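**Student:** Provided below: work_4.cif, containing mmCIF, C-alpha atoms.
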data_final
loop_
_atom_site.label_atom_id
_atom_site.label_comp_id
_atom_site.auth_asym_id
_atom_site.auth_seq_id
_atom_site.Cartn_x
_atom_site.Cartn_y
_atom_site.Cartn_z
CA MET A 12 0.61 5.30 27.47
CA ALA A 13 3.82 3.27 27.71
CA ARG A 14 1.81 0.07 28.14
CA TYR A 15 -0.26 1.00 25.10
CA LEU A 16 2.86 1.53 22.98
CA LEU A 17 4.39 -1.74 24.16
CA ARG A 18 1.22 -3.59 23.24
CA ARG A 19 1.23 -2.01 19.78
CA ALA A 20 4.91 -2.87 19.33
CA GLY A 21 4.19 -6.49 20.24
CA MET A 22 1.39 -6.60 17.68
CA ALA A 23 3.75 -5.12 15.09
CA VAL A 24 6.29 -7.88 15.70
CA GLY A 25 3.53 -10.45 15.33
CA VAL A 26 2.45 -8.98 11.99
CA LEU A 27 6.01 -9.05 10.65
CA TRP A 28 6.51 -12.66 11.77
CA ALA A 29 3.20 -13.70 10.20
CA ALA A 30 4.09 -11.96 6.91
CA PHE A 31 7.45 -13.75 6.80
CA THR A 32 5.99 -17.15 7.68
CA VAL A 33 3.02 -16.99 5.31
CA SER A 34 5.19 -15.88 2.39
CA PHE A 35 7.67 -18.69 3.14
CA VAL A 36 4.94 -21.36 3.21
CA VAL A 37 3.11 -20.08 0.12
CA LEU A 38 6.28 -19.90 -1.96
CA TYR A 39 7.22 -23.47 -1.08
CA LEU A 40 3.72 -24.70 -1.88
CA LEU A 41 3.94 -23.33 -5.40
CA PRO A 42 4.69 -25.96 -8.06
CA GLY A 43 8.07 -25.82 -9.73
CA ASP A 44 11.73 -25.56 -8.81
CA PRO A 45 13.16 -22.01 -8.50
CA VAL A 46 16.70 -23.19 -9.28
CA ALA A 47 15.55 -25.11 -12.36
CA THR A 48 13.58 -22.06 -13.48
CA MET A 49 16.56 -19.78 -12.99
CA ALA A 50 18.87 -22.18 -14.85
CA SER A 51 16.44 -23.01 -17.65
CA GLY A 52 18.55 -21.01 -20.05
CA GLY A 53 21.61 -23.11 -19.26
CA LEU A 54 25.19 -22.01 -18.93
CA ASP A 55 26.95 -20.65 -22.03
CA GLY A 56 24.15 -22.04 -24.14
CA GLU A 57 24.46 -25.55 -22.67
CA PRO A 58 21.84 -27.09 -20.32
CA LEU A 59 22.98 -27.48 -16.73
CA THR A 60 23.79 -30.96 -15.52
CA PRO A 61 22.06 -32.47 -12.48
CA GLU A 62 25.30 -31.97 -10.54
CA GLN A 63 25.34 -28.26 -11.39
CA LEU A 64 21.70 -27.91 -10.34
CA ASP A 65 22.47 -29.63 -7.03
CA ALA A 66 25.37 -27.24 -6.49
CA LEU A 67 23.06 -24.25 -7.04
CA ARG A 68 20.51 -25.66 -4.60
CA ALA A 69 23.23 -26.11 -2.01
CA ARG A 70 24.45 -22.57 -2.64
CA TYR A 71 21.01 -21.11 -1.80
CA GLY A 72 20.30 -23.61 0.98
CA LEU A 73 17.43 -25.21 -0.94
CA ASP A 74 18.80 -28.71 -0.38
CA GLN A 75 18.19 -28.56 3.37
CA PRO A 76 15.02 -29.74 5.20
CA LEU A 77 12.17 -27.23 5.13
CA ILE A 78 12.29 -26.47 8.86
CA VAL A 79 16.04 -25.84 8.64
CA GLN A 80 15.55 -23.46 5.71
CA TYR A 81 12.82 -21.63 7.63
CA GLY A 82 14.96 -21.27 10.75
CA HIS A 83 17.97 -20.10 8.74
CA ARG A 84 15.98 -17.51 6.82
CA LEU A 85 14.15 -16.30 9.92
CA TRP A 86 17.41 -15.87 11.80
CA GLY A 87 18.84 -13.90 8.89
CA ALA A 88 15.69 -11.76 8.64
CA LEU A 89 15.97 -10.89 12.34
CA HIS A 90 19.36 -9.39 11.49
CA GLY A 91 18.06 -7.66 8.38
CA ASP A 92 19.69 -10.18 6.05
CA PHE A 93 17.37 -11.76 3.49
CA GLY A 94 20.18 -13.25 1.44
CA ALA A 95 20.73 -12.90 -2.28
CA SER A 96 18.26 -12.99 -5.14
CA ILE A 97 18.08 -16.34 -6.91
CA GLN A 98 17.54 -14.52 -10.23
CA ASN A 99 20.77 -12.56 -10.37
CA GLY A 100 22.61 -12.99 -7.07
CA GLN A 101 21.98 -9.37 -6.06
CA ASP A 102 21.62 -8.60 -2.36
CA VAL A 103 17.89 -8.50 -1.52
CA ARG A 104 18.13 -5.28 0.48
CA GLY A 105 20.02 -3.64 -2.37
CA ALA A 106 17.43 -4.77 -4.91
CA ILE A 107 14.57 -3.40 -2.82
CA MET A 108 16.29 -0.07 -2.18
CA GLU A 109 17.06 0.26 -5.89
CA ALA A 110 13.44 -0.34 -6.91
CA LEU A 111 11.89 1.67 -4.08
CA PRO A 112 12.23 5.36 -5.18
CA PRO A 113 9.86 5.14 -8.19
CA THR A 114 7.30 3.28 -6.06
CA ILE A 115 7.54 5.88 -3.28
CA GLN A 116 7.03 8.59 -5.87
CA ILE A 117 3.90 7.07 -7.34
CA SER A 118 2.51 6.07 -3.92
CA LEU A 119 2.89 9.57 -2.47
CA ALA A 120 1.35 11.11 -5.58
CA GLY A 121 -1.55 8.66 -5.42
CA LEU A 122 -2.03 9.30 -1.69
CA ALA A 123 -2.04 13.08 -2.24
CA PHE A 124 -4.63 12.68 -5.00
CA ALA A 125 -6.75 10.46 -2.74
CA ILE A 126 -6.68 12.90 0.19
CA VAL A 127 -7.45 15.99 -1.91
CA VAL A 128 -10.19 14.44 -4.05
CA GLY A 129 -11.71 12.25 -1.33
CA GLY A 130 -11.70 15.06 1.23
CA THR A 131 -13.19 17.56 -1.24
CA VAL A 132 -16.00 15.21 -2.25
CA ALA A 133 -16.88 14.49 1.40
CA LEU A 134 -16.82 18.15 2.43
CA VAL A 135 -18.91 19.36 -0.49
CA ALA A 136 -21.39 16.48 -0.18
CA THR A 137 -22.04 17.21 3.49
CA TYR A 138 -21.99 21.01 3.08
CA THR A 139 -24.24 21.55 0.07
CA ARG A 140 -27.96 22.10 0.51
CA ALA A 141 -28.73 20.90 -3.03
CA HIS A 142 -30.20 17.42 -2.56
CA TRP A 143 -29.41 16.26 -6.12
CA LEU A 144 -25.77 17.32 -5.83
CA ARG A 145 -25.42 15.54 -2.51
CA GLN A 146 -26.86 12.36 -3.97
CA VAL A 147 -24.49 12.50 -6.95
CA LEU A 148 -21.42 13.13 -4.79
CA MET A 149 -22.34 10.43 -2.30
CA GLY A 150 -22.76 7.95 -5.14
CA LEU A 151 -19.42 8.66 -6.81
CA PRO A 152 -17.24 6.86 -4.20
CA SER A 153 -19.21 3.62 -4.55
CA LEU A 154 -18.78 3.78 -8.31
CA ALA A 155 -15.04 4.46 -8.04
CA VAL A 156 -14.45 1.64 -5.55
CA SER A 157 -16.19 -0.86 -7.83
CA MET A 158 -13.95 -0.14 -10.82
CA PRO A 159 -10.88 -2.43 -11.22
CA VAL A 160 -7.57 -0.57 -11.00
CA PHE A 161 -6.20 -2.05 -14.23
CA TRP A 162 -9.39 -1.04 -16.11
CA VAL A 163 -9.16 2.54 -14.82
CA GLY A 164 -5.54 2.71 -15.95
CA LEU A 165 -6.34 1.38 -19.42
CA MET A 166 -9.24 3.83 -19.83
CA LEU A 167 -7.09 6.78 -18.79
CA VAL A 168 -4.41 5.73 -21.26
CA GLN A 169 -7.01 5.35 -24.01
CA VAL A 170 -8.52 8.80 -23.43
CA PHE A 171 -5.61 11.03 -22.39
CA SER A 172 -2.74 9.31 -24.22
CA PHE A 173 -4.11 7.73 -27.37
CA GLY A 174 -7.23 9.89 -27.76
CA LEU A 175 -6.15 13.40 -26.75
CA GLY A 176 -2.38 12.91 -26.80
CA LEU A 177 -1.96 15.00 -23.66
CA LEU A 178 -0.04 12.63 -21.40
CA PRO A 179 2.45 9.79 -21.93
CA SER A 180 1.11 6.27 -21.61
CA VAL A 181 4.28 4.49 -20.47
CA GLY A 182 7.58 5.16 -18.75
CA ALA A 183 8.66 7.29 -15.83
CA ASN A 184 10.31 10.26 -17.51
CA GLY A 185 9.19 13.61 -16.15
CA PRO A 186 6.28 14.81 -13.99
CA GLN A 187 3.74 14.32 -16.78
CA ALA A 188 4.37 10.56 -16.78
CA LEU A 189 3.33 10.50 -13.10
CA ILE A 190 -0.16 11.99 -13.54
CA LEU A 191 -2.07 9.04 -14.99
CA PRO A 192 -0.48 6.41 -12.69
CA ALA A 193 -1.16 8.61 -9.64
CA ILE A 194 -4.81 9.02 -10.58
CA THR A 195 -5.16 5.30 -11.26
CA LEU A 196 -3.60 4.38 -7.93
CA GLY A 197 -5.30 7.11 -5.88
CA LEU A 198 -8.85 6.82 -7.23
CA PRO A 199 -10.03 3.79 -5.21
CA THR A 200 -8.25 5.10 -2.11
CA GLY A 201 -9.82 8.53 -2.53
CA ALA A 202 -13.24 6.92 -2.93
CA LEU A 203 -12.78 5.04 0.35
CA VAL A 204 -11.65 8.21 2.13
CA ALA A 205 -14.68 10.08 0.75
CA GLN A 206 -17.10 7.38 1.92
CA VAL A 207 -15.73 7.20 5.45
CA LEU A 208 -15.24 10.96 5.89
CA ALA A 209 -18.68 11.85 4.51
CA LYS A 210 -20.38 9.40 6.87
CA SER A 211 -18.35 10.65 9.84
CA LEU A 212 -19.08 14.29 8.98
CA SER A 213 -22.80 13.58 8.69
CA GLN A 214 -22.77 11.98 12.14
CA ALA A 215 -20.65 14.77 13.65
CA LEU A 216 -23.00 17.45 12.29
CA ASP A 217 -25.85 15.85 14.27
CA GLU A 218 -23.96 15.99 17.57
CA PRO A 219 -25.12 18.32 20.39
CA TYR A 220 -21.93 20.41 20.31
CA VAL A 221 -22.69 21.37 16.71
CA ALA A 222 -26.21 22.45 17.68
CA THR A 223 -24.67 24.52 20.47
CA ALA A 224 -22.26 26.15 18.01
CA ARG A 225 -25.13 26.99 15.67
CA ALA A 226 -27.08 28.51 18.54
CA LYS A 227 -24.09 30.74 19.30
CA GLY A 228 -24.13 32.01 15.73
CA VAL A 229 -21.07 30.16 14.42
CA GLY A 230 -21.05 30.12 10.61
CA ARG A 231 -21.55 26.96 8.54
CA VAL A 232 -17.98 26.98 7.21
CA ASP A 233 -16.50 27.25 10.71
CA ILE A 234 -18.77 24.49 11.98
CA HIS A 235 -17.73 22.23 9.13
CA LEU A 236 -13.99 22.86 9.19
CA ARG A 237 -13.25 23.72 12.82
CA HIS A 238 -15.78 21.67 14.77
CA ALA A 239 -17.14 18.71 12.82
CA LEU A 240 -14.08 17.91 10.69
CA ARG A 241 -11.73 17.49 13.63
CA ASN A 242 -13.88 14.75 15.17
CA ALA A 243 -14.82 13.21 11.83
CA ALA A 244 -11.16 12.91 10.83
CA LEU A 245 -10.45 10.01 13.20
CA PRO A 246 -12.16 7.27 11.14
CA ALA A 247 -10.73 8.70 7.91
CA LEU A 248 -7.26 8.70 9.47
CA THR A 249 -7.71 5.04 10.36
CA VAL A 250 -8.60 4.32 6.73
CA LEU A 251 -5.49 6.14 5.51
CA GLY A 252 -3.34 3.95 7.73
CA TYR A 253 -5.00 0.88 6.27
CA VAL A 254 -4.80 1.90 2.61
CA VAL A 255 -1.04 2.42 2.66
CA GLY A 256 -0.77 -1.34 2.24
CA ASN A 257 -3.29 -1.15 -0.59
CA LEU A 258 -1.20 1.52 -2.30
CA LEU A 259 1.81 -0.79 -2.32
CA ALA A 260 -0.34 -3.64 -3.63
CA GLY A 261 -1.90 -1.37 -6.25
CA ALA A 262 1.56 -0.31 -7.37
CA VAL A 263 2.05 -3.83 -8.74
CA VAL A 264 -0.86 -3.34 -11.17
CA VAL A 265 -0.16 0.32 -11.96
CA GLU A 266 3.54 -0.18 -12.66
CA THR A 267 2.66 -3.06 -14.96
CA VAL A 268 -0.03 -1.14 -16.86
CA PHE A 269 2.14 1.95 -17.33
CA THR A 270 5.43 0.05 -17.76
CA ARG A 271 7.08 1.86 -14.87
CA PRO A 272 10.05 0.58 -12.86
CA GLY A 273 9.55 0.01 -9.17
CA LEU A 274 8.82 -2.40 -6.37
CA GLY A 275 5.65 -3.65 -8.06
CA ARG A 276 7.33 -4.87 -11.20
CA LEU A 277 10.17 -6.31 -9.13
CA THR A 278 7.59 -8.32 -7.16
CA VAL A 279 5.94 -9.67 -10.30
CA SER A 280 9.31 -10.74 -11.67
CA ALA A 281 10.36 -12.37 -8.38
CA VAL A 282 7.10 -14.30 -7.96
CA GLY A 283 7.26 -15.50 -11.57
CA VAL A 284 10.53 -17.34 -10.94
CA GLN A 285 9.86 -18.20 -7.27
CA ASP A 286 12.73 -16.04 -6.09
CA ILE A 287 12.12 -16.90 -2.44
CA PRO A 288 14.63 -14.54 -0.76
CA LEU A 289 13.54 -11.55 -2.85
CA VAL A 290 9.80 -12.16 -2.44
CA GLN A 291 10.18 -12.61 1.31
CA GLY A 292 12.21 -9.43 1.56
CA ILE A 293 9.55 -7.46 -0.34
CA VAL A 294 6.68 -8.94 1.71
CA VAL A 295 8.36 -8.19 5.03
CA PHE A 296 9.28 -4.69 3.86
CA ALA A 297 5.66 -3.99 2.82
CA ALA A 298 4.43 -5.34 6.18
CA ALA A 299 6.96 -3.12 8.00
CA VAL A 300 5.71 -0.05 6.13
CA PHE A 301 2.12 -0.95 7.00
CA VAL A 302 3.02 -1.45 10.68
CA VAL A 303 4.99 1.81 10.96
CA VAL A 304 2.28 3.88 9.28
CA ASN A 305 -0.42 2.45 11.53
CA LEU A 306 1.74 3.06 14.59
CA LEU A 307 2.16 6.70 13.53
CA VAL A 308 -1.59 6.95 13.06
CA ASP A 309 -2.08 5.64 16.59
CA LEU A 310 0.31 8.31 17.89
CA VAL A 311 -1.59 11.06 16.06
CA TYR A 312 -4.94 10.00 17.55
CA PRO A 313 -4.35 11.68 20.95
CA LEU A 314 -3.61 14.96 19.18
CA LEU A 315 -7.07 14.91 17.61
CA ASP A 316 -8.88 13.49 20.64
CA PRO A 317 -7.10 13.79 24.03
CA ARG A 318 -9.57 11.29 25.51
CA ILE A 319 -7.75 8.53 23.60
CA ALA A 320 -4.48 9.32 25.39
CA THR A 321 -6.30 9.28 28.73
CA GLY A 322 -7.87 5.92 27.93
CA ALA A 323 -4.55 4.48 26.77
CA ALA A 324 -2.79 5.63 29.91
CA ALA A 325 -5.47 4.08 32.06
#
How does the structure come out when it is put into structure tokens?

**Tutor:**
Amino acid sequence: MARYLLRRAGMAVGVLWAAFTVSFVVLYLLPGDPVATMASGGLDGEPLTPEQLDALRARYGLDQPLIVQYGHRLWGALHGDFGASIQNGQDVRGAIMEALPPTIQISLAGLAFAIVVGGTVALVATYTRAHWLRQVLMGLPSLAVSMPVFWVGLMLVQVFSFGLGLLPSVGANGPQALILPAITLGLPTGALVAQVLAKSLSQALDEPYVATARAKGVGRVDIHLRHALRNAALPALTVLGYVVGNLLAGAVVVETVFTRPGLGRLTVSAVGVQDIPLVQGIVVFAAAVFVVVNLLVDLVYPLLDPRIATGAAA
């Protein structure tokens, strides 16, 4: 088991390094000059002189060779220091922590919606004996996955905000303002959970141990929830670990559509002005969240199937 955890930790370090490196390269390949963009408004209404622009580049280390900049930023990142934002000089860690709470709120709400709705659809679809209902429920996830997140958000705003006037369309004031963004963010994730869980449940219900349970007189509900679901949950759990990254990515769109503060809108703003330190900090943070969640999922696996722990130890 220790060897298994060490291997996973090594993979995690590799993912974080790759996220940092790719973001660094992509940002420097983008056309434009981040310092010139930041200083486009001038100083006290007057355009900055070339000497002032050079001073700003030197301040943020942008006048150094590319490999030197990379090494300097990587060394700082290893110590948790991503520098200061080019936009406003704010510490990158402070900017991320300030924008994080609203994003956590919407991501957890979206994840809860996805688990409840996706799990319910999968359970009902595999439990019902009505063929037409099963076909309808099994087709809903494919439809939901195919719908763009921004389109879903706009339609929900049109119906529930402008049409019925039941829920606010923008802002982050109060629990009601969280409902539409959570549904928008959680719908594609819930559809994916429903697809994977329904398929796994269907396969589990055909296993010999289920036939044995039926022969012993175990009821359909117990077979579904106590026998089949436990084994079918492994693939769905893997999907949940994967979609955490998608939730953070989806937050960019959802926070823009609903005009909510958070990490998503901060990312859009930072990319727009090529704020290299801030974008790199956000990318590495998102990669770290993805890595930690997947590591936790790996640790939960042996609780659901002890054979995994035995295999890992071997």

**Student:** Rank nothing, just name the residue among A:Leu189, A:Ala297, A:Leu306, A:Leu274 nearest to Ala106 of chain A, using all atoms listed in the file.

**Tutor:**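 Closest to Ala106 of chain A, using all atoms listed in the file: A:Leu274.
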
**Student:** Need the shell around Ala95 of chain A: protein/DNA/RNA residues with any atom at most 12 Å away, counting only C-alpha atoms. Skip same-chain ones fewer than 2 positions apart. Format as a PDB file with C-alpha atoms, keeping the file's coordinate frame?

**Tutor:**
ATOM      1  CA  ARG A  70      24.450 -22.570  -2.640  1.00  0.00           C
ATOM      2  CA  TYR A  71      21.010 -21.110  -1.800  1.00  0.00           C
ATOM      3  CA  GLY A  72      20.300 -23.610   0.980  1.00  0.00           C
ATOM      4  CA  ARG A  84      15.980 -17.510   6.820  1.00  0.00           C
ATOM      5  CA  GLY A  87      18.840 -13.900   8.890  1.00  0.00           C
ATOM      6  CA  ASP A  92      19.690 -10.180   6.050  1.00  0.00           C
ATOM      7  CA  PHE A  93      17.370 -11.760   3.490  1.00  0.00           C
ATOM      8  CA  ILE A  97      18.080 -16.340  -6.910  1.00  0.00           C
ATOM      9  CA  GLN A  98      17.540 -14.520 -10.230  1.00  0.00           C
ATOM     10  CA  ASN A  99      20.770 -12.560 -10.370  1.00  0.00           C
ATOM     11  CA  GLY A 100      22.610 -12.990  -7.070  1.00  0.00           C
ATOM     12  CA  GLN A 101      21.980  -9.370  -6.060  1.00  0.00           C
ATOM     13  CA  ASP A 102      21.620  -8.600  -2.360  1.00  0.00           C
ATOM     14  CA  VAL A 103      17.890  -8.500  -1.520  1.00  0.00           C
ATOM     15  CA  ARG A 104      18.130  -5.280   0.480  1.00  0.00           C
ATOM     16  CA  GLY A 105      20.020  -3.640  -2.370  1.00  0.00           C
ATOM     17  CA  ALA A 106      17.430  -4.770  -4.910  1.00  0.00           C
ATOM     18  CA  ILE A 107      14.570  -3.400  -2.820  1.00  0.00           C
ATOM     19  CA  ASP A 286      12.730 -16.040  -6.090  1.00  0.00           C
ATOM     20  CA  ILE A 287      12.120 -16.900  -2.440  1.00  0.00           C
ATOM     21  CA  PRO A 288      14.630 -14.540  -0.760  1.00  0.00           C
ATOM     22  CA  LEU A 289      13.540 -11.550  -2.850  1.00  0.00           C
ATOM     23  CA  VAL A 290       9.800 -12.160  -2.440  1.00  0.00           C
ATOM     24  CA  GLN A 291      10.180 -12.610   1.310  1.00  0.00           C
ATOM     25  CA  GLY A 292      12.210  -9.430   1.560  1.00  0.00           C
TER      26      GLY A 292
END

**Student:** Could you expand the PyMOL selection byres ((chain A and resi 201) around 8) into the explicit residues it covers here, written as a list in words?

**Tutor:** Leu122, Phe124, Ala125, Ile126, Val127, Val128, Gly129, Gly130, Pro152, Gly197, Leu198, Pro199, Thr200, Ala202, Leu203, Val204 and Ala205 of chain A

**Student:** So that I have them on file, write out the residues from the current selection with C-alpha atoms, as a short mmCIF file (atom, residue, chain, number, x, y, z; two decimals), in the coordinates of the input.

**Tutor:**
data_model
loop_
_atom_site.label_atom_id
_atom_site.label_comp_id
_atom_site.auth_asym_id
_atom_site.auth_seq_id
_atom_site.Cartn_x
_atom_site.Cartn_y
_atom_site.Cartn_z
CA LEU A 122 -2.03 9.30 -1.69
CA PHE A 124 -4.63 12.68 -5.00
CA ALA A 125 -6.75 10.46 -2.74
CA ILE A 126 -6.68 12.90 0.19
CA VAL A 127 -7.45 15.99 -1.91
CA VAL A 128 -10.19 14.44 -4.05
CA GLY A 129 -11.71 12.25 -1.33
CA GLY A 130 -11.70 15.06 1.23
CA PRO A 152 -17.24 6.86 -4.20
CA GLY A 197 -5.30 7.11 -5.88
CA LEU A 198 -8.85 6.82 -7.23
CA PRO A 199 -10.03 3.79 -5.21
CA THR A 200 -8.25 5.10 -2.11
CA ALA A 202 -13.24 6.92 -2.93
CA LEU A 203 -12.78 5.04 0.35
CA VAL A 204 -11.65 8.21 2.13
CA ALA A 205 -14.68 10.08 0.75
#

**Student:** For atom CA of Phe301 of chain A and atom CA of Thr278 of chain A, quote the distance in Å rounded to one decimal.

**Tutor:**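 One can read the atom CA of Phe301 of chain A to atom CA of Thr278 of chain A distance as 16.9 Å.
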
**Student:** Would you kindly return, as a CSV table (one decimal) with C-alpha atoms, keeping the file's coordinate frame, each protein, DNA or RNA residue with an atom no farther than 10 Å from any atom of Val26 of chain A, considering only C-alpha atoms and excluding same-chain residues fewer than 2 positions away?

**Tutor:**
chain,number,residue,atom,x,y,z
A,20,ALA,CA,4.9,-2.9,19.3
A,21,GLY,CA,4.2,-6.5,20.2
A,22,MET,CA,1.4,-6.6,17.7
A,23,ALA,CA,3.8,-5.1,15.1
A,24,VAL,CA,6.3,-7.9,15.7
A,28,TRP,CA,6.5,-12.7,11.8
A,29,ALA,CA,3.2,-13.7,10.2
A,30,ALA,CA,4.1,-12.0,6.9
A,31,PHE,CA,7.4,-13.8,6.8
A,32,THR,CA,6.0,-17.2,7.7
A,295,VAL,CA,8.4,-8.2,5.0
A,298,ALA,CA,4.4,-5.3,6.2
A,299,ALA,CA,7.0,-3.1,8.0
A,301,PHE,CA,2.1,-1.0,7.0
A,302,VAL,CA,3.0,-1.4,10.7

**Student:** Extract, using only C-alpha atoms, all DNA, RNA and protein residues at most 6 Å from Thr114 of chain A, discarding same-chain residues fewer than 3 positions from it, and format them as a PDB file with C-alpha atoms, in the coordinates of the input.

**Tutor:**
ATOM      1  CA  LEU A 111      11.890   1.670  -4.080  1.00  0.00           C
ATOM      2  CA  ILE A 117       3.900   7.070  -7.340  1.00  0.00           C
ATOM      3  CA  SER A 118       2.510   6.070  -3.920  1.00  0.00           C
ATOM      4  CA  GLY A 273       9.550   0.010  -9.170  1.00  0.00           C
ATOM      5  CA  LEU A 274       8.820  -2.400  -6.370  1.00  0.00           C
TER       6      LEU A 274
END

**Student:** Rounded to one decimal place, report the atom CA of Val265 of chain A-atom CA of Tyr39 of chain A distance in Å.

**Tutor:**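 One can read the atom CA of Val265 of chain A to atom CA of Tyr39 of chain A distance as 27.2 Å.
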
**Student:** Specify as a VMD selection string each residue included when the PyMOL selection byres ((chain A and resi 209-224) around 12) is applied to this file.

**Tutor:** chain A and resid 129 to 139 145 to 146 148 to 152 201 to 208 225 to 248

**Student:** Suppose a student applies the PyMOL selection byres ((chain A and resi 158-169) around 10) to this structure; what residues should they get, written as a PyMOL selection string?

**Tutor:** chain A and resi 153-157+170-181+191-199+261-262+264-265+267-269

**Student:** Between A:Val79, A:Leu27, A:Val33, A:Ala141, which residue has the minimum interatomic distance to Val300 of chain A, considering all atoms listed in the file?

**Tutor:**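 The answer is A:Leu27, which sits nearest to Val300 of chain A.
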
**Student:** Take atom CA of Val308 of chain A and atom CA of Thr249 of chain A and report the distance between them in Å, one decimal.

**Tutor:**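 Going from atom CA of Val308 of chain A over to atom CA of Thr249 of chain A covers 7.0 Å.
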
**Student:** I'd like the box whose edges run along x, y and z of the file and which contains every listed atom of segment 14-28 of chain A, padded by 6 Å per side; could you state its centre and edge lengths in Å, one decimal, as lines of an AutoDock Vina configuration file?

**Tutor:**
center_x = 3.1
center_y = -5.6
center_z = 19.4
size_x = 18.8
size_y = 26.2
size_z = 29.5
